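Participant: Handing over input32.cif, mmCIF, C-alpha atoms.
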```cif
data_run
#
loop_
_atom_site.label_atom_id
_atom_site.label_comp_id
_atom_site.auth_asym_id
_atom_site.auth_seq_id
_atom_site.Cartn_x
_atom_site.Cartn_y
_atom_site.Cartn_z
CA MET A 79 -1.26 -35.70 14.03
CA ILE A 80 -2.07 -35.53 10.31
CA THR A 81 -5.55 -36.71 9.52
CA SER A 82 -7.73 -37.00 6.45
CA THR A 83 -11.18 -35.48 6.31
CA THR A 84 -14.47 -36.64 4.88
CA MET A 85 -15.29 -35.01 1.56
CA PRO A 86 -18.21 -35.33 -0.87
CA GLY A 87 -18.11 -38.09 -3.46
CA ARG A 88 -17.07 -41.71 -3.40
CA PHE A 89 -13.38 -40.95 -3.05
CA GLY A 90 -13.79 -37.43 -1.64
CA VAL A 91 -10.53 -35.55 -1.84
CA PHE A 92 -9.35 -37.26 -5.02
CA ASP A 93 -12.54 -36.36 -6.88
CA ASN A 94 -11.62 -32.67 -6.74
CA PRO A 95 -11.08 -31.49 -10.34
CA GLU A 96 -8.22 -29.25 -9.25
CA PHE A 97 -6.09 -32.38 -8.82
CA ALA A 98 -6.69 -33.51 -12.39
CA ASP A 99 -6.31 -30.08 -13.96
CA SER A 100 -3.15 -29.09 -12.11
CA PRO A 101 -1.51 -31.84 -10.05
CA HIS A 102 -0.05 -30.84 -6.70
CA GLU A 103 3.12 -32.37 -5.30
CA ARG A 104 1.82 -32.69 -1.75
CA VAL A 105 -1.36 -31.88 0.17
CA LEU A 106 -1.53 -32.35 3.94
CA PHE A 107 -4.57 -32.29 6.21
CA CYS A 108 -3.42 -31.26 9.67
CA HIS A 109 -5.29 -31.49 12.96
CA ASP A 110 -4.17 -30.70 16.49
CA ARG A 111 -6.79 -31.67 19.05
CA VAL A 112 -5.33 -29.63 21.91
CA SER A 113 -5.40 -26.27 20.13
CA GLY A 114 -8.30 -27.09 17.80
CA LEU A 115 -6.17 -26.45 14.71
CA ARG A 116 -7.69 -27.68 11.46
CA CYS A 117 -5.67 -26.74 8.43
CA ILE A 118 -4.64 -27.83 4.95
CA ILE A 119 -1.18 -27.24 3.51
CA ALA A 120 -0.84 -27.57 -0.26
CA ILE A 121 2.46 -27.64 -2.13
CA HIS A 122 1.77 -27.17 -5.81
CA SER A 123 5.27 -27.20 -7.28
CA LEU A 124 8.89 -27.45 -6.20
CA ALA A 125 10.29 -27.26 -9.74
CA LEU A 126 11.85 -23.83 -9.22
CA GLY A 127 12.69 -24.16 -5.54
CA PRO A 128 11.09 -24.33 -2.08
CA ALA A 129 7.40 -23.45 -2.08
CA VAL A 130 6.43 -20.12 -0.55
CA GLY A 131 2.92 -18.94 0.21
CA GLY A 132 0.83 -17.37 2.91
CA CYS A 133 -1.27 -18.87 5.67
CA ARG A 134 -4.90 -17.81 5.27
CA MET A 135 -7.36 -18.03 8.18
CA TYR A 136 -11.00 -18.05 7.19
CA PRO A 137 -14.28 -19.53 8.52
CA TYR A 138 -14.87 -21.90 5.59
CA ALA A 139 -18.30 -23.49 5.45
CA ASP A 140 -16.74 -26.96 5.19
CA GLU A 141 -13.50 -28.79 4.41
CA ALA A 142 -14.42 -29.06 0.73
CA SER A 143 -14.47 -25.26 0.42
CA ALA A 144 -11.16 -25.00 2.25
CA LEU A 145 -9.58 -27.62 0.01
CA LEU A 146 -10.73 -25.94 -3.19
CA ASP A 147 -9.36 -22.61 -1.97
CA VAL A 148 -5.95 -23.92 -0.92
CA LEU A 149 -5.48 -25.87 -4.16
CA ARG A 150 -6.26 -22.83 -6.28
CA LEU A 151 -4.22 -20.48 -4.10
CA SER A 152 -1.13 -22.71 -4.06
CA ARG A 153 -1.25 -23.06 -7.83
CA GLY A 154 -1.51 -19.29 -8.08
CA MET A 155 1.62 -18.94 -5.94
CA THR A 156 3.53 -21.15 -8.37
CA PHE A 157 2.46 -18.86 -11.19
CA LYS A 158 3.37 -15.75 -9.19
CA ALA A 159 6.86 -17.05 -8.46
CA ALA A 160 7.53 -18.24 -11.99
CA GLY A 161 6.01 -15.18 -13.60
CA THR A 162 8.16 -12.76 -11.63
CA GLY A 163 11.39 -14.72 -12.03
CA LEU A 164 11.69 -16.03 -8.48
CA ASP A 165 13.47 -19.30 -7.72
CA HIS A 166 10.57 -20.62 -5.67
CA GLY A 167 7.61 -22.89 -6.09
CA GLY A 168 4.07 -22.32 -4.92
CA GLY A 169 2.44 -23.39 -1.70
CA LYS A 170 -0.36 -22.22 0.54
CA ALA A 171 -1.97 -23.04 3.86
CA VAL A 172 -5.51 -22.42 5.04
CA ILE A 173 -6.60 -22.58 8.66
CA ILE A 174 -10.31 -23.22 9.12
CA GLY A 175 -11.50 -20.72 11.71
CA ASP A 176 -12.66 -17.18 12.38
CA PRO A 177 -9.61 -14.90 12.68
CA HIS A 178 -11.58 -12.57 14.96
CA ARG A 179 -12.44 -15.32 17.49
CA ASP A 180 -10.37 -18.46 17.05
CA LYS A 181 -6.75 -17.31 17.14
CA SER A 182 -4.55 -18.55 19.96
CA PRO A 183 -0.81 -18.99 20.55
CA GLY A 184 -1.31 -22.75 20.81
CA LEU A 185 -3.06 -22.90 17.45
CA PHE A 186 -0.28 -21.06 15.61
CA GLU A 187 2.45 -22.98 17.42
CA ALA A 188 0.80 -26.24 16.35
CA PHE A 189 0.62 -24.97 12.78
CA GLY A 190 4.31 -24.09 12.95
CA ARG A 191 5.17 -27.64 13.96
CA PHE A 192 3.39 -29.02 10.89
CA VAL A 193 5.26 -26.57 8.67
CA ASP A 194 8.53 -27.57 10.31
CA GLU A 195 7.91 -31.26 9.58
CA LEU A 196 8.09 -30.42 5.87
CA GLY A 197 11.76 -29.58 6.30
CA GLY A 198 11.80 -26.38 4.27
CA ARG A 199 9.76 -27.62 1.32
CA TYR A 200 7.14 -25.05 2.30
CA ILE A 201 7.80 -21.61 3.79
CA THR A 202 4.71 -19.97 5.21
CA ALA A 203 3.86 -16.26 5.55
CA GLY A 204 1.00 -13.91 6.36
CA ASP A 205 -2.19 -13.76 4.32
CA ALA A 206 -5.85 -12.83 4.70
CA GLY A 207 -6.81 -13.32 8.33
CA THR A 208 -3.23 -13.47 9.63
CA ASP A 209 -0.58 -10.83 10.28
CA SER A 210 3.03 -10.36 11.31
CA ASP A 211 2.26 -10.87 15.00
CA ASP A 212 0.82 -14.28 14.13
CA MET A 213 3.97 -15.07 12.12
CA ASP A 214 6.04 -14.30 15.22
CA VAL A 215 4.09 -16.96 17.12
CA ILE A 216 4.46 -19.46 14.27
CA GLY A 217 8.17 -18.67 14.35
CA ARG A 218 8.41 -20.17 17.85
CA THR A 219 8.08 -23.66 16.38
CA THR A 220 9.56 -23.29 12.88
CA GLY A 221 12.14 -21.20 11.10
CA TYR A 222 10.31 -21.63 7.81
CA VAL A 223 8.23 -18.47 8.10
CA ALA A 224 8.34 -15.01 6.51
CA PHE A 225 6.65 -11.67 7.32
CA ARG A 226 7.53 -11.74 10.99
CA THR A 227 7.68 -8.34 12.65
CA VAL A 228 10.81 -6.28 12.11
CA SER A 229 11.61 -6.56 15.82
CA ALA A 230 11.56 -10.35 15.46
CA GLY A 231 13.93 -10.24 12.49
CA GLY A 232 11.34 -10.30 9.71
CA SER A 233 10.28 -7.85 7.02
CA GLY A 234 6.88 -7.04 8.49
CA ASP A 235 3.48 -6.74 6.83
CA SER A 236 3.34 -7.53 3.11
CA GLY A 237 0.41 -5.20 2.42
CA PRO A 238 2.48 -2.18 1.30
CA ASN A 239 4.55 -4.16 -1.23
CA THR A 240 1.53 -6.04 -2.54
CA ALA A 241 -0.31 -2.75 -3.07
CA LEU A 242 2.75 -1.22 -4.75
CA GLY A 243 2.93 -4.20 -7.11
CA VAL A 244 -0.73 -3.80 -8.04
CA LEU A 245 -0.14 -0.11 -8.74
CA GLN A 246 2.80 -0.94 -11.01
CA ALA A 247 0.79 -3.58 -12.84
CA MET A 248 -2.05 -1.09 -13.21
CA ARG A 249 0.30 1.51 -14.69
CA ALA A 250 1.54 -1.04 -17.23
CA GLY A 251 -2.04 -1.94 -18.09
CA ALA A 252 -2.89 1.74 -18.52
CA GLN A 253 0.07 2.12 -20.85
CA ALA A 254 -1.31 -0.69 -23.00
CA GLN A 255 -4.88 0.63 -23.02
CA TRP A 256 -4.41 4.39 -23.26
CA GLY A 257 -0.80 4.91 -24.32
CA THR A 258 0.29 6.42 -21.00
CA SER A 259 1.14 4.91 -17.64
CA SER A 260 -0.18 7.98 -15.83
CA LEU A 261 -3.25 7.42 -13.67
CA VAL A 262 -4.04 11.12 -13.28
CA GLY A 263 -7.74 11.65 -13.85
CA ARG A 264 -8.53 7.94 -14.16
CA THR A 265 -11.48 6.66 -12.14
CA VAL A 266 -10.44 3.54 -10.28
CA GLY A 267 -12.77 1.30 -8.28
CA VAL A 268 -11.14 -0.54 -5.39
CA GLU A 269 -13.24 -3.47 -4.20
CA GLY A 270 -12.11 -4.65 -0.76
CA LEU A 271 -10.36 -2.41 1.76
CA GLY A 272 -8.21 -4.85 3.70
CA LYS A 273 -4.46 -4.54 4.11
CA VAL A 274 -3.91 -4.41 0.33
CA GLY A 275 -6.98 -2.54 -0.91
CA SER A 276 -6.74 0.24 1.66
CA ARG A 277 -3.09 0.86 0.83
CA LEU A 278 -3.80 0.70 -2.90
CA ALA A 279 -6.49 3.34 -2.47
CA ALA A 280 -3.96 5.63 -0.78
CA LEU A 281 -1.40 5.07 -3.56
CA LEU A 282 -4.03 5.83 -6.20
CA VAL A 283 -5.03 9.07 -4.50
CA ASP A 284 -1.37 10.08 -4.42
CA ALA A 285 -1.13 9.17 -8.14
CA GLY A 286 -3.92 11.60 -8.99
CA ALA A 287 -6.67 9.07 -9.63
CA THR A 288 -10.31 9.48 -8.66
CA VAL A 289 -11.00 6.59 -6.29
CA ILE A 290 -14.31 4.83 -5.72
CA ALA A 291 -14.23 2.07 -3.11
CA GLY A 292 -16.31 -0.39 -1.16
CA ASP A 293 -16.15 -3.21 1.36
CA ILE A 294 -18.74 -5.38 3.08
CA ASP A 295 -17.02 -4.55 6.39
CA GLU A 296 -18.21 -1.12 7.49
CA ARG A 297 -15.24 -0.85 9.86
CA ALA A 298 -12.87 -1.02 6.91
CA VAL A 299 -14.91 1.62 5.09
CA GLU A 300 -14.81 3.96 8.06
CA ARG A 301 -11.03 3.56 8.45
CA VAL A 302 -10.44 4.51 4.82
CA ARG A 303 -13.04 7.30 4.97
CA ALA A 304 -11.16 8.87 7.87
CA ALA A 305 -7.75 8.51 6.20
CA LEU A 306 -8.77 9.40 2.62
CA PRO A 307 -11.63 11.93 2.61
CA THR A 308 -11.62 12.28 -1.20
CA VAL A 309 -12.58 8.63 -1.76
CA ARG A 310 -16.22 8.00 -2.69
CA PHE A 311 -17.86 4.85 -1.36
CA VAL A 312 -20.41 2.64 -3.11
CA ARG A 313 -21.98 -0.74 -2.36
CA ASP A 314 -21.26 -2.30 -5.75
CA VAL A 315 -17.85 -1.23 -7.03
CA SER A 316 -17.72 -3.43 -10.13
CA SER A 317 -20.81 -1.86 -11.73
CA ALA A 318 -19.80 1.76 -11.09
CA ALA A 319 -18.66 3.98 -13.98
CA LEU A 320 -14.93 3.22 -13.96
CA ASP A 321 -11.83 3.33 -16.11
CA ILE A 322 -10.15 0.69 -13.96
CA TYR A 323 -11.66 -1.99 -11.72
CA ALA A 324 -9.38 -3.27 -8.95
CA PRO A 325 -10.75 -6.39 -7.20
CA CYS A 326 -8.92 -6.67 -3.88
CA ALA A 327 -11.28 -8.84 -1.83
CA LEU A 328 -11.72 -12.60 -2.16
CA GLY A 329 -11.58 -14.32 -5.56
CA GLY A 330 -14.21 -15.07 -8.17
CA THR A 331 -15.76 -11.60 -8.39
CA VAL A 332 -15.09 -11.34 -12.13
CA ASN A 333 -17.77 -13.76 -13.28
CA ALA A 334 -20.21 -14.04 -16.17
CA ASP A 335 -22.76 -11.76 -14.49
CA ALA A 336 -20.15 -9.16 -13.58
CA VAL A 337 -18.84 -8.95 -17.15
CA ASP A 338 -22.21 -7.54 -18.21
CA ARG A 339 -21.95 -4.84 -15.53
CA ILE A 340 -18.27 -3.91 -15.70
CA THR A 341 -17.68 -0.71 -17.69
CA ALA A 342 -13.96 -0.51 -16.88
CA ARG A 343 -11.51 -1.06 -19.74
CA LEU A 344 -8.80 -2.29 -17.38
CA ILE A 345 -9.19 -4.91 -14.64
CA CYS A 346 -6.21 -5.08 -12.31
CA GLY A 347 -6.32 -5.83 -8.58
CA GLY A 348 -4.79 -7.63 -5.64
CA ALA A 349 -7.30 -10.46 -5.20
CA ASN A 350 -6.25 -14.01 -6.03
CA ASN A 351 -8.20 -16.10 -8.58
CA GLN A 352 -10.29 -13.17 -9.77
CA LEU A 353 -11.87 -14.94 -12.75
CA SER A 354 -14.62 -17.37 -11.85
CA THR A 355 -13.92 -19.34 -15.06
CA PRO A 356 -11.22 -18.95 -17.75
CA ASP A 357 -13.75 -18.05 -20.47
CA VAL A 358 -14.60 -14.84 -18.63
CA GLU A 359 -11.40 -13.24 -19.93
CA GLN A 360 -12.47 -13.95 -23.50
CA ARG A 361 -15.69 -12.06 -22.88
CA LEU A 362 -13.78 -9.14 -21.36
CA THR A 363 -11.44 -9.05 -24.35
CA TYR A 364 -14.39 -9.08 -26.76
CA ARG A 365 -15.68 -5.97 -24.99
CA GLY A 366 -12.30 -4.22 -25.32
CA ALA A 367 -11.24 -4.66 -21.69
CA LEU A 368 -7.77 -5.76 -20.61
CA TRP A 369 -7.29 -8.08 -17.63
CA VAL A 370 -3.90 -8.03 -15.92
CA PRO A 371 -3.42 -11.59 -14.59
CA ASP A 372 -3.82 -11.55 -10.83
CA PHE A 373 -0.81 -13.78 -10.25
CA LEU A 374 1.36 -11.00 -11.73
CA ALA A 375 -0.39 -7.97 -10.26
CA SER A 376 -0.45 -9.30 -6.69
CA ALA A 377 3.07 -10.76 -6.61
CA GLY A 378 4.56 -7.98 -4.48
CA GLY A 379 4.03 -9.87 -1.24
CA LEU A 380 5.67 -13.00 -2.58
CA ILE A 381 8.61 -10.95 -3.85
CA GLN A 382 8.96 -9.54 -0.32
CA ALA A 383 8.89 -13.03 1.19
CA ALA A 384 11.55 -14.25 -1.25
CA ALA A 385 13.71 -11.22 -0.48
CA GLU A 386 13.37 -11.83 3.26
CA ILE A 387 14.37 -15.48 2.81
CA ALA A 388 17.38 -14.40 0.73
CA GLY A 389 18.42 -11.73 3.24
CA GLN A 390 17.84 -8.80 0.89
CA ASP A 391 17.05 -5.34 2.22
CA ALA A 392 13.98 -3.14 1.77
CA ALA A 393 15.49 -1.15 -1.10
CA GLU A 394 16.23 -4.30 -3.10
CA THR A 395 12.74 -5.58 -2.39
CA ARG A 396 11.08 -2.38 -3.57
CA GLN A 397 13.13 -2.38 -6.77
CA ARG A 398 12.02 -5.94 -7.52
CA VAL A 399 8.38 -5.09 -6.79
CA GLU A 400 8.52 -2.07 -9.08
CA GLY A 401 9.76 -4.47 -11.78
CA ILE A 402 6.22 -5.87 -11.98
CA PHE A 403 5.61 -3.02 -14.45
CA ASP A 404 8.16 -4.54 -16.85
CA THR A 405 6.79 -8.06 -16.34
CA VAL A 406 3.28 -6.99 -17.26
CA GLU A 407 4.58 -5.06 -20.27
CA ARG A 408 6.33 -8.20 -21.55
CA VAL A 409 3.19 -10.29 -21.11
CA VAL A 410 1.01 -7.73 -22.91
CA ALA A 411 3.51 -7.61 -25.78
CA HIS A 412 3.61 -11.42 -25.98
CA ALA A 413 -0.19 -11.52 -26.03
CA ALA A 414 -0.36 -8.97 -28.85
CA ALA A 415 2.34 -10.72 -30.88
CA HIS A 416 0.62 -14.09 -30.64
CA ARG A 417 -2.98 -12.84 -30.74
CA MET A 418 -3.96 -14.27 -27.40
CA THR A 419 -5.34 -12.93 -24.16
CA THR A 420 -2.99 -11.64 -21.48
CA GLY A 421 -3.99 -14.52 -19.23
CA ALA A 422 -3.12 -17.10 -21.87
CA ALA A 423 0.15 -15.32 -22.64
CA ALA A 424 1.16 -15.18 -18.98
CA ARG A 425 0.32 -18.85 -18.43
CA GLU A 426 2.29 -19.84 -21.54
CA LEU A 427 5.41 -17.99 -20.37
CA VAL A 428 5.09 -19.32 -16.83
CA LEU A 429 4.60 -22.93 -17.91
CA GLN A 430 7.60 -22.72 -20.22
CA ARG A 431 9.78 -21.73 -17.26
CA ILE A 432 8.34 -24.39 -14.95
CA ARG A 433 8.66 -27.17 -17.53
CA SER A 434 12.25 -26.23 -18.28
CA ALA A 435 13.09 -26.27 -14.58
CA ALA A 436 11.28 -29.58 -14.03
CA ALA A 437 13.12 -31.16 -16.97
CA ALA A 438 16.46 -29.95 -15.64
CA ARG A 439 15.65 -31.33 -12.19
CA ALA A 440 14.64 -34.70 -13.65
CA LEU A 441 17.90 -34.81 -15.60
CA GLN A 442 19.92 -34.12 -12.45
CA ASN A 443 18.16 -36.97 -10.65
CA THR A 444 18.95 -39.56 -13.35
#
```
If you convert what's in this file into structure tokens, what do you get?
Facilitator:
Amino acid sequence: MITSTTMPGRFGVFDNPEFADSPHERVLFCHDRVSGLRCIIAIHSLALGPAVGGCRMYPYADEASALLDVLRLSRGMTFKAAGTGLDHGGGKAVIIGDPHRDKSPGLFEAFGRFVDELGGRYITAGDAGTDSDDMDVIGRTTGYVAFRTVSAGGSGDSGPNTALGVLQAMRAGAQAQWGTSSLVGRTVGVEGLGKVGSRLAALLVDAGATVIAGDIDERAVERVRAALPTVRFVRDVSSAALDIYAPCALGGTVNADAVDRITARLICGGANNQLSTPDVEQRLTYRGALWVPDFLASAGGLIQAAAEIAGQDAAETRQRVEGIFDTVERVVAHAAAHRMTTGAAARELVLQRIRSAAAARALQNT
């Protein structure tokens, strides 16, 4: 059963500014009474190919918050795919619920059936609040799923490749800011120690960086403390004395207030939608800081999903993820050549590719 939900405003859903600013091809509100599933699936673009994007499970305060998140996330997936040269569009799903309490086989099987009804237009995968074991359950009712466990024929958790991609993006950003891609001696603040942030912290320690980290979840802090004894922990990562700030929690942490606190000259992390508003990047640039667009830095997981769909092996996947360094270098060079921010440069290059693909598709359909 696909149902609509009541949203604020006279027309509710259609009042959301995300629709006007960046139209989506399809948005579905899905409800299964038996399992209690309440989810939204958003397909932003199919111009480059089938939409790929994770399934996030989070206890949203209301459907309006869930809708805003899925619209922004699905758009970000389109930009990730286009920016890294993948032949995929962007999609995303959010399940409204607490991943620590509300998971059940029936819930994920119901979600899989909704995904399957889309006939391959959207391929789901793991995300915040879900993991490869959950993807195995979803895989019982649809074949359009990535990041299943290796034993179930999938490529497993995307955390390692996402963290590797962030590291590569960070190295490219360091090259632009300091003339060297080496992170030895750099102080890096990792905000959020989930499956990406914790692995990024380990990679940074191995790369010779001094790592400062934090997370609101004390269990995550204790896990990293036990594994990485050289990491120093603080409550407010963004305002610490840093060379590089790596937001790896939920989005929107780089806001107007944070800009006044951030001392880092490079902002590069795994979180989606890091900037609260587009003008924040202008303020960072004015202060001499470089922001690596999140849809490039965190594309490693999407690259893994695309590789799994295409039947590529782990070595091919890693090579493609490491190529994020070159992608960021090209964007930084384009930004410098055209005197624009890295965010504007990345969006310009991405939109050029999407528009060309959309025009070609329209021509084929005439």
Participant: Sort by chain and increasing residue number a table of all residues of range 333-352 of chain A within 12 Å of range 232-240 of chain A, each with its closest pair of atoms and their distance in Å to one decimal, counting only C-alpha atoms, and write it as JSON lines.
Facilitator:
```
{"residue": "A:Gly347", "atom": "CA", "partner": "A:Thr240", "partner_atom": "CA", "distance": 9.9}
{"residue": "A:Gly348", "atom": "CA", "partner": "A:Thr240", "partner_atom": "CA", "distance": 7.2}
{"residue": "A:Ala349", "atom": "CA", "partner": "A:Thr240", "partner_atom": "CA", "distance": 10.2}
{"residue": "A:Asn350", "atom": "CA", "partner": "A:Thr240", "partner_atom": "CA", "distance": 11.7}
```
Participant: Could you tell me which of A:Val299, A:Val130, A:Ala413, A:Val215 comes closest to Lys181 in chain A if we count all atoms listed in the file?
Facilitator: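 For Lys181 in chain A, the nearest of the given residues is A:Val215.
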Participant: Between A:Thr331, A:Gln442, A:Ser276, A:Ser152, which one has atoms that come closest to Leu306 in chain A, using all atoms listed in the file?
Facilitator: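 The shortest atom-to-atom distance to Leu306 in chain A comes from A:Ser276.
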Participant: Specify as an mmCIF file with C-alpha atoms, in the coordinates of the input each residue included when the PyMOL selection byres ((chain A and resi 385) around 10) is applied to this file.
Facilitator:
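And here's part-v1.cif as it stands now:
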```
data_model
loop_
_atom_site.group_PDB
_atom_site.id
_atom_site.type_symbol
_atom_site.label_atom_id
_atom_site.label_comp_id
_atom_site.auth_asym_id
_atom_site.auth_seq_id
_atom_site.Cartn_x
_atom_site.Cartn_y
_atom_site.Cartn_z
ATOM 1 C CA LEU A 164 11.690 -16.030 -8.480
ATOM 2 C CA ALA A 224 8.340 -15.010 6.510
ATOM 3 C CA SER A 233 10.280 -7.850 7.020
ATOM 4 C CA GLY A 379 4.030 -9.870 -1.240
ATOM 5 C CA LEU A 380 5.670 -13.000 -2.580
ATOM 6 C CA ILE A 381 8.610 -10.950 -3.850
ATOM 7 C CA GLN A 382 8.960 -9.540 -0.320
ATOM 8 C CA ALA A 383 8.890 -13.030 1.190
ATOM 9 C CA ALA A 384 11.550 -14.250 -1.250
ATOM 10 C CA GLU A 386 13.370 -11.830 3.260
ATOM 11 C CA ILE A 387 14.370 -15.480 2.810
ATOM 12 C CA ALA A 388 17.380 -14.400 0.730
ATOM 13 C CA GLY A 389 18.420 -11.730 3.240
ATOM 14 C CA GLN A 390 17.840 -8.800 0.890
ATOM 15 C CA ASP A 391 17.050 -5.340 2.220
ATOM 16 C CA ALA A 392 13.980 -3.140 1.770
ATOM 17 C CA GLU A 394 16.230 -4.300 -3.100
ATOM 18 C CA THR A 395 12.740 -5.580 -2.390
ATOM 19 C CA ARG A 396 11.080 -2.380 -3.570
ATOM 20 C CA ARG A 398 12.020 -5.940 -7.520
#
```
Participant: Using the chain letters and numbering of this document, enumerate as a list in words the residues selected by the PyMOL selection byres ((chain A and resi 260) around 12).
Facilitator: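 Answer for the PyMOL selection byres ((chain A and resi 260) around 12): Leu245, Gln246, Ala247, Met248, Arg249, Ala250, Gly251, Ala252, Gln253, Ala254, Gln255, Trp256, Gly257, Thr258, Ser259, Leu261, Val262, Gly263, Arg264, Thr265, Leu282, Asp284, Ala285, Gly286 and Ala287 of chain A.
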Participant: Take the residues from that selection and put them in a file with C-alpha atoms, as an mmCIF file, in the frame of the given file.
Facilitator:
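See out_22.cif below for the written result:
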```
data_model
loop_
_atom_site.group_PDB
_atom_site.id
_atom_site.type_symbol
_atom_site.label_atom_id
_atom_site.label_comp_id
_atom_site.auth_asym_id
_atom_site.auth_seq_id
_atom_site.Cartn_x
_atom_site.Cartn_y
_atom_site.Cartn_z
ATOM 1 C CA LEU A 245 -0.140 -0.110 -8.740
ATOM 2 C CA GLN A 246 2.800 -0.940 -11.010
ATOM 3 C CA ALA A 247 0.790 -3.580 -12.840
ATOM 4 C CA MET A 248 -2.050 -1.090 -13.210
ATOM 5 C CA ARG A 249 0.300 1.510 -14.690
ATOM 6 C CA ALA A 250 1.540 -1.040 -17.230
ATOM 7 C CA GLY A 251 -2.040 -1.940 -18.090
ATOM 8 C CA ALA A 252 -2.890 1.740 -18.520
ATOM 9 C CA GLN A 253 0.070 2.120 -20.850
ATOM 10 C CA ALA A 254 -1.310 -0.690 -23.000
ATOM 11 C CA GLN A 255 -4.880 0.630 -23.020
ATOM 12 C CA TRP A 256 -4.410 4.390 -23.260
ATOM 13 C CA GLY A 257 -0.800 4.910 -24.320
ATOM 14 C CA THR A 258 0.290 6.420 -21.000
ATOM 15 C CA SER A 259 1.140 4.910 -17.640
ATOM 16 C CA LEU A 261 -3.250 7.420 -13.670
ATOM 17 C CA VAL A 262 -4.040 11.120 -13.280
ATOM 18 C CA GLY A 263 -7.740 11.650 -13.850
ATOM 19 C CA ARG A 264 -8.530 7.940 -14.160
ATOM 20 C CA THR A 265 -11.480 6.660 -12.140
ATOM 21 C CA LEU A 282 -4.030 5.830 -6.200
ATOM 22 C CA ASP A 284 -1.370 10.080 -4.420
ATOM 23 C CA ALA A 285 -1.130 9.170 -8.140
ATOM 24 C CA GLY A 286 -3.920 11.600 -8.990
ATOM 25 C CA ALA A 287 -6.670 9.070 -9.630
#
```
Participant: Would you kindly translate the PyMOL selection byres ((chain A and resi 317) around 9) into the concrete residues it picks from this file, as number ranges by chain?
Facilitator: A: 314-316, 318-320, 336, 338-342
Participant: Pick out the residues sitting within 12 Å of Leu126 in chain A, and hand them over as an NGL selection string; count all atoms listed in the file, and ignore anything fewer than 3 positions along from it in its own chain.
Facilitator: :A and (122-123 or 129-130 or 155-168 or 199 or 428-439)
Participant: Need to verify the contact set: range 291-295 of chain A, 10 Å, only C-alpha atoms, exclusion of same-chain residues closer than 2 positions in sequence. Can you return it as a PDB file with C-alpha atoms, in the frame of the given file?
Facilitator:
```pdb
ATOM      1  CA  VAL A 266     -10.440   3.540 -10.280  1.00  0.00           C
ATOM      2  CA  GLY A 267     -12.770   1.300  -8.280  1.00  0.00           C
ATOM      3  CA  VAL A 268     -11.140  -0.540  -5.390  1.00  0.00           C
ATOM      4  CA  GLU A 269     -13.240  -3.470  -4.200  1.00  0.00           C
ATOM      5  CA  GLY A 270     -12.110  -4.650  -0.760  1.00  0.00           C
ATOM      6  CA  LEU A 271     -10.360  -2.410   1.760  1.00  0.00           C
ATOM      7  CA  GLY A 272      -8.210  -4.850   3.700  1.00  0.00           C
ATOM      8  CA  GLY A 275      -6.980  -2.540  -0.910  1.00  0.00           C
ATOM      9  CA  SER A 276      -6.740   0.240   1.660  1.00  0.00           C
ATOM     10  CA  ALA A 279      -6.490   3.340  -2.470  1.00  0.00           C
ATOM     11  CA  VAL A 289     -11.000   6.590  -6.290  1.00  0.00           C
ATOM     12  CA  ARG A 297     -15.240  -0.850   9.860  1.00  0.00           C
ATOM     13  CA  ALA A 298     -12.870  -1.020   6.910  1.00  0.00           C
ATOM     14  CA  VAL A 299     -14.910   1.620   5.090  1.00  0.00           C
ATOM     15  CA  GLU A 300     -14.810   3.960   8.060  1.00  0.00           C
ATOM     16  CA  VAL A 302     -10.440   4.510   4.820  1.00  0.00           C
ATOM     17  CA  ARG A 303     -13.040   7.300   4.970  1.00  0.00           C
ATOM     18  CA  VAL A 309     -12.580   8.630  -1.760  1.00  0.00           C
ATOM     19  CA  ARG A 310     -16.220   8.000  -2.690  1.00  0.00           C
ATOM     20  CA  PHE A 311     -17.860   4.850  -1.360  1.00  0.00           C
ATOM     21  CA  VAL A 312     -20.410   2.640  -3.110  1.00  0.00           C
ATOM     22  CA  ARG A 313     -21.980  -0.740  -2.360  1.00  0.00           C
ATOM     23  CA  ASP A 314     -21.260  -2.300  -5.750  1.00  0.00           C
ATOM     24  CA  VAL A 315     -17.850  -1.230  -7.030  1.00  0.00           C
ATOM     25  CA  SER A 316     -17.720  -3.430 -10.130  1.00  0.00           C
ATOM     26  CA  ALA A 318     -19.800   1.760 -11.090  1.00  0.00           C
ATOM     27  CA  TYR A 323     -11.660  -1.990 -11.720  1.00  0.00           C
ATOM     28  CA  ALA A 324      -9.380  -3.270  -8.950  1.00  0.00           C
ATOM     29  CA  CYS A 326      -8.920  -6.670  -3.880  1.00  0.00           C
ATOM     30  CA  ALA A 327     -11.280  -8.840  -1.830  1.00  0.00           C
TER      31      ALA A 327
END
```
Participant: Could you check how far CA of Thr208 in chain A sits from CA of Ser376 in chain A, in Å to one decimal?
Facilitator: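 Between CA of Thr208 in chain A and CA of Ser376 in chain A the gap is 17.1 Å.
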Participant: Using all atoms listed in the file, can you tell me which of A:Ile322, A:Leu196, A:Cys133, A:Leu146 comes closest to Pro177 in chain A?
Facilitator: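 Smallest separation from Pro177 in chain A among the options: A:Cys133.
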Participant: Using all atoms listed in the file, pick whichever of A:Arg150, A:Lys273, A:Leu145, A:Asp180 has the shortest atom-to-atom distance to Gly204 in chain A.
Facilitator: A:Lys273
Participant: Calculate how many Å separate CA of Thr420 in chain A from CA of Leu149 in chain A, rounding to one decimal.
Facilitator: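 Result for CA of Thr420 in chain A versus CA of Leu149 in chain A: 22.6 Å, one decimal.
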Participant: Would you compute an axis-aligned box for range 386-401 of chain A, covering every atom listed for it in the file with 5 Å of margin on each side, and report centre and edge lengths in Å to one decimal as JSON?
Facilitator:
```
{"center_x": 13.4, "center_y": -8.3, "center_z": -4.3, "size_x": 20.0, "size_y": 24.3, "size_z": 25.0}
```
